[in-house]
>>> print(open('protein.cif').read())   # mmCIF, C-alpha atoms
data_structure
#
loop_
_atom_site.label_atom_id
_atom_site.label_comp_id
_atom_site.auth_asym_id
_atom_site.auth_seq_id
_atom_site.Cartn_x
_atom_site.Cartn_y
_atom_site.Cartn_z
CA MET V 29 76.51 -38.82 -86.90
CA SER V 30 79.20 -37.64 -89.32
CA ASP V 31 80.60 -34.11 -89.42
CA ARG V 32 78.85 -33.52 -92.73
CA THR V 33 75.52 -34.62 -91.32
CA GLN V 34 75.95 -32.56 -88.16
CA GLY V 35 76.77 -29.48 -90.19
CA THR V 36 73.76 -30.00 -92.40
CA VAL V 37 71.24 -30.41 -89.61
CA ALA V 38 72.71 -27.89 -87.19
CA GLY V 39 70.69 -25.03 -88.65
CA SER V 40 67.14 -24.74 -89.93
CA MET V 41 66.35 -26.97 -92.90
CA THR V 42 64.73 -26.03 -96.16
CA ARG V 43 61.38 -27.44 -97.22
CA GLU V 44 63.15 -29.64 -99.75
CA MET V 45 65.31 -31.18 -97.02
CA ILE V 46 62.31 -31.80 -94.77
CA GLY V 47 60.40 -33.34 -97.68
CA GLU V 48 63.32 -35.63 -98.46
CA MET V 49 63.50 -36.72 -94.82
CA TRP V 50 59.78 -37.54 -94.85
CA LYS V 51 60.32 -39.68 -97.95
CA ASN V 52 63.18 -41.51 -96.28
CA LEU V 53 61.01 -42.13 -93.21
CA GLN V 54 59.44 -45.02 -95.13
CA ARG V 55 62.85 -46.71 -95.27
CA LEU V 56 63.13 -47.00 -91.51
CA PRO V 57 61.97 -49.93 -89.33
CA ASP V 58 58.26 -50.00 -88.51
CA LEU V 59 58.74 -49.15 -84.82
CA HIS V 60 60.70 -45.97 -85.53
CA ARG V 61 58.40 -44.90 -88.35
CA LYS V 62 55.15 -45.45 -86.47
CA LEU V 63 56.36 -43.84 -83.25
CA PHE V 64 57.49 -40.78 -85.18
CA GLN V 65 54.23 -40.48 -87.11
CA TYR V 66 51.70 -41.53 -84.47
CA GLY V 67 53.61 -41.12 -81.20
CA PRO V 68 52.08 -37.71 -80.35
CA PHE V 69 48.59 -39.16 -80.72
CA LEU V 70 49.49 -42.16 -78.56
CA LEU V 71 50.69 -39.79 -75.85
CA GLY V 72 47.51 -37.78 -76.33
CA GLY V 73 45.42 -40.92 -76.07
CA THR V 74 46.93 -41.83 -72.72
CA ALA V 75 46.33 -38.23 -71.62
CA GLY V 76 42.67 -38.63 -72.52
CA LEU V 77 42.58 -41.86 -70.52
CA ALA V 78 44.11 -40.05 -67.55
CA GLY V 79 41.41 -37.41 -67.89
CA LEU V 80 38.64 -40.00 -67.82
CA ILE V 81 40.07 -41.69 -64.74
CA ALA V 82 40.46 -38.33 -62.97
CA ASN V 83 36.94 -37.37 -63.97
CA ASN V 84 35.57 -40.57 -62.44
CA LEU V 85 37.51 -40.05 -59.21
CA TYR V 86 36.35 -36.44 -58.85
CA ARG V 87 32.73 -37.42 -59.51
CA ARG V 88 32.92 -39.95 -56.69
CA ALA V 89 34.66 -37.54 -54.32
CA LEU V 90 32.07 -34.82 -55.02
CA ASN V 91 29.04 -37.15 -55.09
CA VAL V 92 28.19 -36.10 -58.64
CA THR V 93 25.94 -38.52 -60.51
CA GLN V 94 24.47 -36.17 -63.11
CA ALA V 95 25.82 -35.14 -66.53
CA ALA V 96 28.17 -38.10 -66.95
CA ILE V 97 28.65 -37.61 -70.70
CA THR V 98 28.90 -33.84 -70.40
CA SER V 99 31.74 -34.10 -67.92
CA SER V 100 33.51 -36.92 -69.78
CA LEU V 101 33.74 -35.35 -73.23
CA PRO V 102 36.06 -32.41 -72.48
CA VAL V 103 38.39 -34.39 -70.21
CA ALA V 104 38.73 -37.11 -72.87
CA VAL V 105 38.92 -35.08 -76.09
CA LEU V 106 40.82 -31.90 -75.19
CA PRO V 107 43.89 -33.65 -73.69
CA VAL V 108 44.29 -35.72 -76.85
CA MET V 109 44.35 -32.67 -79.11
CA CYS V 110 46.40 -30.46 -76.79
CA THR V 111 49.00 -33.09 -75.94
CA ALA V 112 49.49 -34.13 -79.56
CA ALA V 113 49.78 -30.50 -80.67
CA LEU V 114 52.15 -29.58 -77.83
CA TYR V 115 54.41 -32.58 -78.46
CA THR V 116 54.51 -31.79 -82.17
CA GLY V 117 55.34 -28.16 -81.44
CA MET V 118 58.01 -28.91 -78.84
CA VAL V 119 59.58 -32.12 -80.16
CA SER V 120 58.61 -33.45 -83.59
CA GLY V 121 58.46 -30.12 -85.38
CA PRO V 122 61.76 -28.70 -84.07
CA LEU V 123 63.47 -32.02 -84.85
CA LEU V 124 62.40 -31.99 -88.50
CA ASN V 125 63.23 -28.30 -88.83
CA GLY V 126 66.74 -28.89 -87.54
CA ASP V 127 66.15 -26.61 -84.56
CA LEU V 128 66.55 -29.34 -81.94
CA ASN V 129 69.74 -31.37 -82.08
CA CYS V 130 70.30 -32.26 -78.43
CA PRO V 131 70.05 -35.95 -77.39
CA THR V 132 69.20 -35.07 -73.78
CA CYS V 133 66.84 -32.17 -74.52
CA VAL V 134 64.47 -34.24 -76.67
CA PRO V 135 63.59 -36.87 -74.01
CA LEU V 136 63.37 -34.10 -71.43
CA ARG V 137 60.88 -32.18 -73.54
CA GLY V 138 58.90 -35.35 -74.12
CA SER V 139 58.77 -35.99 -70.38
CA LEU V 140 57.60 -32.44 -69.69
CA VAL V 141 54.81 -32.77 -72.25
CA GLY V 142 53.76 -36.07 -70.72
CA LEU V 143 53.69 -34.66 -67.19
CA THR V 144 52.05 -31.31 -67.94
CA SER V 145 49.67 -31.72 -70.86
CA GLY V 146 49.43 -35.47 -70.34
CA THR V 147 48.45 -35.46 -66.66
CA MET V 148 48.27 -32.10 -64.89
CA TYR V 149 46.15 -30.49 -67.60
CA PRO V 150 43.38 -33.15 -67.72
CA ILE V 151 43.42 -33.68 -63.95
CA LEU V 152 43.70 -30.20 -62.45
CA PHE V 153 42.60 -27.92 -65.28
CA LEU V 154 39.75 -29.98 -66.74
CA ALA V 155 38.38 -32.70 -64.45
CA LEU V 156 38.58 -30.58 -61.28
CA PRO V 157 36.79 -27.41 -62.45
CA VAL V 158 34.23 -29.36 -64.52
CA ASN V 159 33.16 -31.49 -61.59
CA ILE V 160 33.37 -28.69 -59.04
CA SER V 161 30.96 -26.67 -61.17
CA LEU V 162 28.62 -29.67 -61.47
CA ALA V 163 28.78 -30.26 -57.72
CA TYR V 164 27.83 -26.63 -57.06
CA ARG V 165 25.11 -26.73 -59.69
CA TYR V 166 23.43 -29.87 -58.35
CA ASN V 167 24.19 -29.12 -54.69
CA THR V 168 25.96 -32.41 -54.06
CA ILE V 169 28.41 -30.71 -51.68
CA LEU V 170 28.37 -27.71 -49.39
CA LYS V 171 30.09 -24.67 -50.82
CA PRO V 172 33.22 -23.73 -48.87
CA GLU V 173 33.31 -20.51 -46.90
CA LYS V 174 34.49 -17.39 -48.63
CA GLY V 175 38.27 -17.32 -48.81
CA LYS V 176 38.61 -21.09 -48.37
CA THR V 177 37.74 -22.17 -51.89
CA PHE V 178 41.31 -22.82 -52.98
CA ARG V 179 42.05 -24.84 -49.87
CA PHE V 180 38.93 -26.89 -50.53
CA TRP V 181 40.11 -27.63 -54.06
CA VAL V 182 43.52 -28.69 -52.73
CA ASP V 183 41.99 -30.99 -50.12
CA ILE V 184 39.84 -32.64 -52.79
CA SER V 185 42.70 -33.03 -55.26
CA ILE V 186 45.49 -34.41 -53.04
CA PRO V 187 43.89 -37.86 -52.50
CA ILE V 188 43.10 -38.11 -56.20
CA LEU V 189 46.64 -37.19 -57.21
CA ARG V 190 47.92 -39.86 -54.84
CA LYS V 191 45.69 -42.47 -56.45
CA MET V 192 46.89 -41.39 -59.89
CA ARG V 193 50.62 -41.21 -59.12
CA GLY V 194 51.18 -44.40 -61.12
CA ILE V 195 49.53 -42.87 -64.19
CA ILE V 196 51.47 -39.63 -63.72
CA LEU V 197 54.74 -41.57 -63.56
CA MET V 198 53.73 -43.63 -66.60
CA GLN V 199 53.02 -40.51 -68.65
CA GLY V 200 56.38 -39.00 -67.74
CA LEU V 201 58.22 -42.20 -68.66
CA PHE V 202 56.24 -42.62 -71.87
CA GLY V 203 57.02 -39.05 -72.90
CA THR V 204 60.71 -39.65 -72.17
CA TYR V 205 60.74 -42.90 -74.16
CA LEU V 206 58.90 -41.30 -77.06
CA GLY V 207 61.35 -38.39 -77.14
CA TYR V 208 64.32 -40.77 -77.06
CA MET V 209 62.94 -42.90 -79.88
CA ASN V 210 62.06 -39.85 -81.97
CA PHE V 211 65.60 -38.53 -81.65
CA GLU V 212 66.93 -41.92 -82.73
CA THR V 213 64.60 -41.77 -85.72
CA TYR V 214 65.75 -38.24 -86.53
CA THR V 215 69.39 -39.32 -86.36
CA LYS V 216 68.78 -42.24 -88.72
CA LEU V 217 66.82 -40.01 -91.10
CA ALA V 218 69.67 -37.51 -91.18
CA ARG V 219 72.16 -40.26 -91.96
CA ILE V 220 70.05 -41.65 -94.79
CA THR V 221 69.21 -38.22 -96.21
CA PHE V 222 72.55 -36.42 -95.95
CA ALA V 223 74.91 -39.41 -96.06
CA PRO V 224 73.25 -41.68 -98.64
CA ASP V 225 76.47 -43.66 -99.10
CA LYS V 226 75.83 -45.28 -95.71
CA GLU V 227 73.89 -48.52 -95.54
CA GLU V 228 70.23 -48.33 -94.66
CA LEU V 229 69.62 -49.14 -91.02
CA SER V 230 67.28 -51.98 -90.13
CA ASP V 231 66.06 -53.82 -87.06
#
>>> encode(input="protein.cif", output="structure tokens")
Amino acid sequence: MSDRTQGTVAGSMTREMIGEMWKNLQRLPDLHRKLFQYGPFLLGGTAGLAGLIANNLYRRALNVTQAAITSSLPVAVLPVMCTAALYTGMVSGPLLNGDLNCPTCVPLRGSLVGLTSGTMYPILFLALPVNISLAYRYNTILKPEKGKTFRFWVDISIPILRKMRGIILMQGLFGTYLGYMNFETYTKLARITFAPDKEELSD
């Protein structure tokens, strides 16, 4: 990136600059354009898939056969919305605003979103409490003794986390890749927008 481009994007951008960058987004290769526009929802979609898998594993572990749809909806829908919103707030938005200009920070943020909102949130903060409450409600398991509830939750979750370690790793890698590609897209957009004398980049 040229000195002129770096100086232009180092601080916060005006609405006109952001609008011009969005217009120039259509000039980029399909892969860069689609990942920048729809990447957060792709990451959210895989988070929803992780939630459904975790939900199924917890239902088996807790012998829950009732309320299949009721338990599936929140673990499938909420991770999609939360992950997409979090990625936009931590990566896509700051990039377009000129507040994030670090080639290592962007993939790192993407990885953190993939690991936290993309896996830990649907597994431990949605699938676990939803199915624990159903198990208590329908008496499919014995309630742990007072003071041992947390340990019971840990014992239930560890085997499931082990089974899902591949998905957890995939989400972290996907978030990293998405962040890397989005920063590449941002760099190309900045070149086209603030250094229009340069040739348009293609595949």
>>> atom_distance(input="protein.cif", atom1="atom CA of V:Ile186", atom2="atom CA of V:Phe202")
23.2 Å
>>> closest_residue(input="protein.cif", among="V:Thr93, V:Asn83, V:Asn52, V:Asn129", to="V:Asn210", atoms="all atoms listed in the file")
V:Asn129
>>> closest_residue(input="protein.cif", among="V:Gly142, V:Gly126, V:Gly117, V:Pro150", to="V:Leu77", atoms="all atoms listed in the file")
V:Pro150
>>> atom_distance(input="protein.cif", atom1="atom CA of V:Arg179", atom2="atom CA of V:Leu143")
23.1 Å
>>> closest_residue(input="protein.cif", among="V:Phe222, V:Tyr86, V:Phe178, V:Tyr214", to="V:Gln65", atoms="all atoms listed in the file")
V:Tyr214
>>> resolve_selection(input="protein.cif", expression="the PyMOL selection byres ((chain V and resi 160) around 12)", output="number ranges by chain")
V: 83, 86-92, 99, 152-159, 161-172, 177-178, 180-182, 184-185
>>> atom_distance(input="protein.cif", atom1="atom CA of V:Arg61", atom2="atom CA of V:Leu124")
13.5 Å
>>> closest_residue(input="protein.cif", among="V:Gln94, V:Thr204, V:Thr213, V:Thr147", to="V:Leu80", atoms="all atoms listed in the file")
V:Thr147
>>> residues_around(input="protein.cif", residues="V:Ile196", least_positions_apart="3", cutoff="9 Å", atoms="only C-alpha atoms", output="ChimeraX atom specification")
/V:78,142-143,146-148,189,192-193,199-201
>>> residues_around(input="protein.cif", residues="V:Ala112", least_positions_apart="4", cutoff="7 Å", atoms="all atoms listed in the file", output="list in words")
Pro68, Phe69, Leu71, Gly72, Val108 and Thr116 of chain V
>>> closest_residue(input="protein.cif", among="V:Leu70, V:Ile195, V:Val119, V:Met49", to="V:Gly207", atoms="only C-alpha atoms")
V:Val119
>>> closest_residue(input="protein.cif", among="V:Thr98, V:Ser120, V:Gln54, V:Thr74", to="V:Ser145", atoms="only C-alpha atoms")
V:Thr74
>>> axis_aligned_box(input="protein.cif", around="stretch 92-108 of chain V", padding_each_side="8 Å", output="lines of an AutoDock Vina configuration file")
center_x = 34.4
center_y = -35.2
center_z = -67.7
size_x = 35.8
size_y = 22.6
size_z = 34.2
>>> resolve_selection(input="protein.cif", expression="the PyMOL selection byres ((chain V and resi 60) around 12)", output="PyMOL selection string")
chain V and resi 52-59+61-67+205-217+229-231
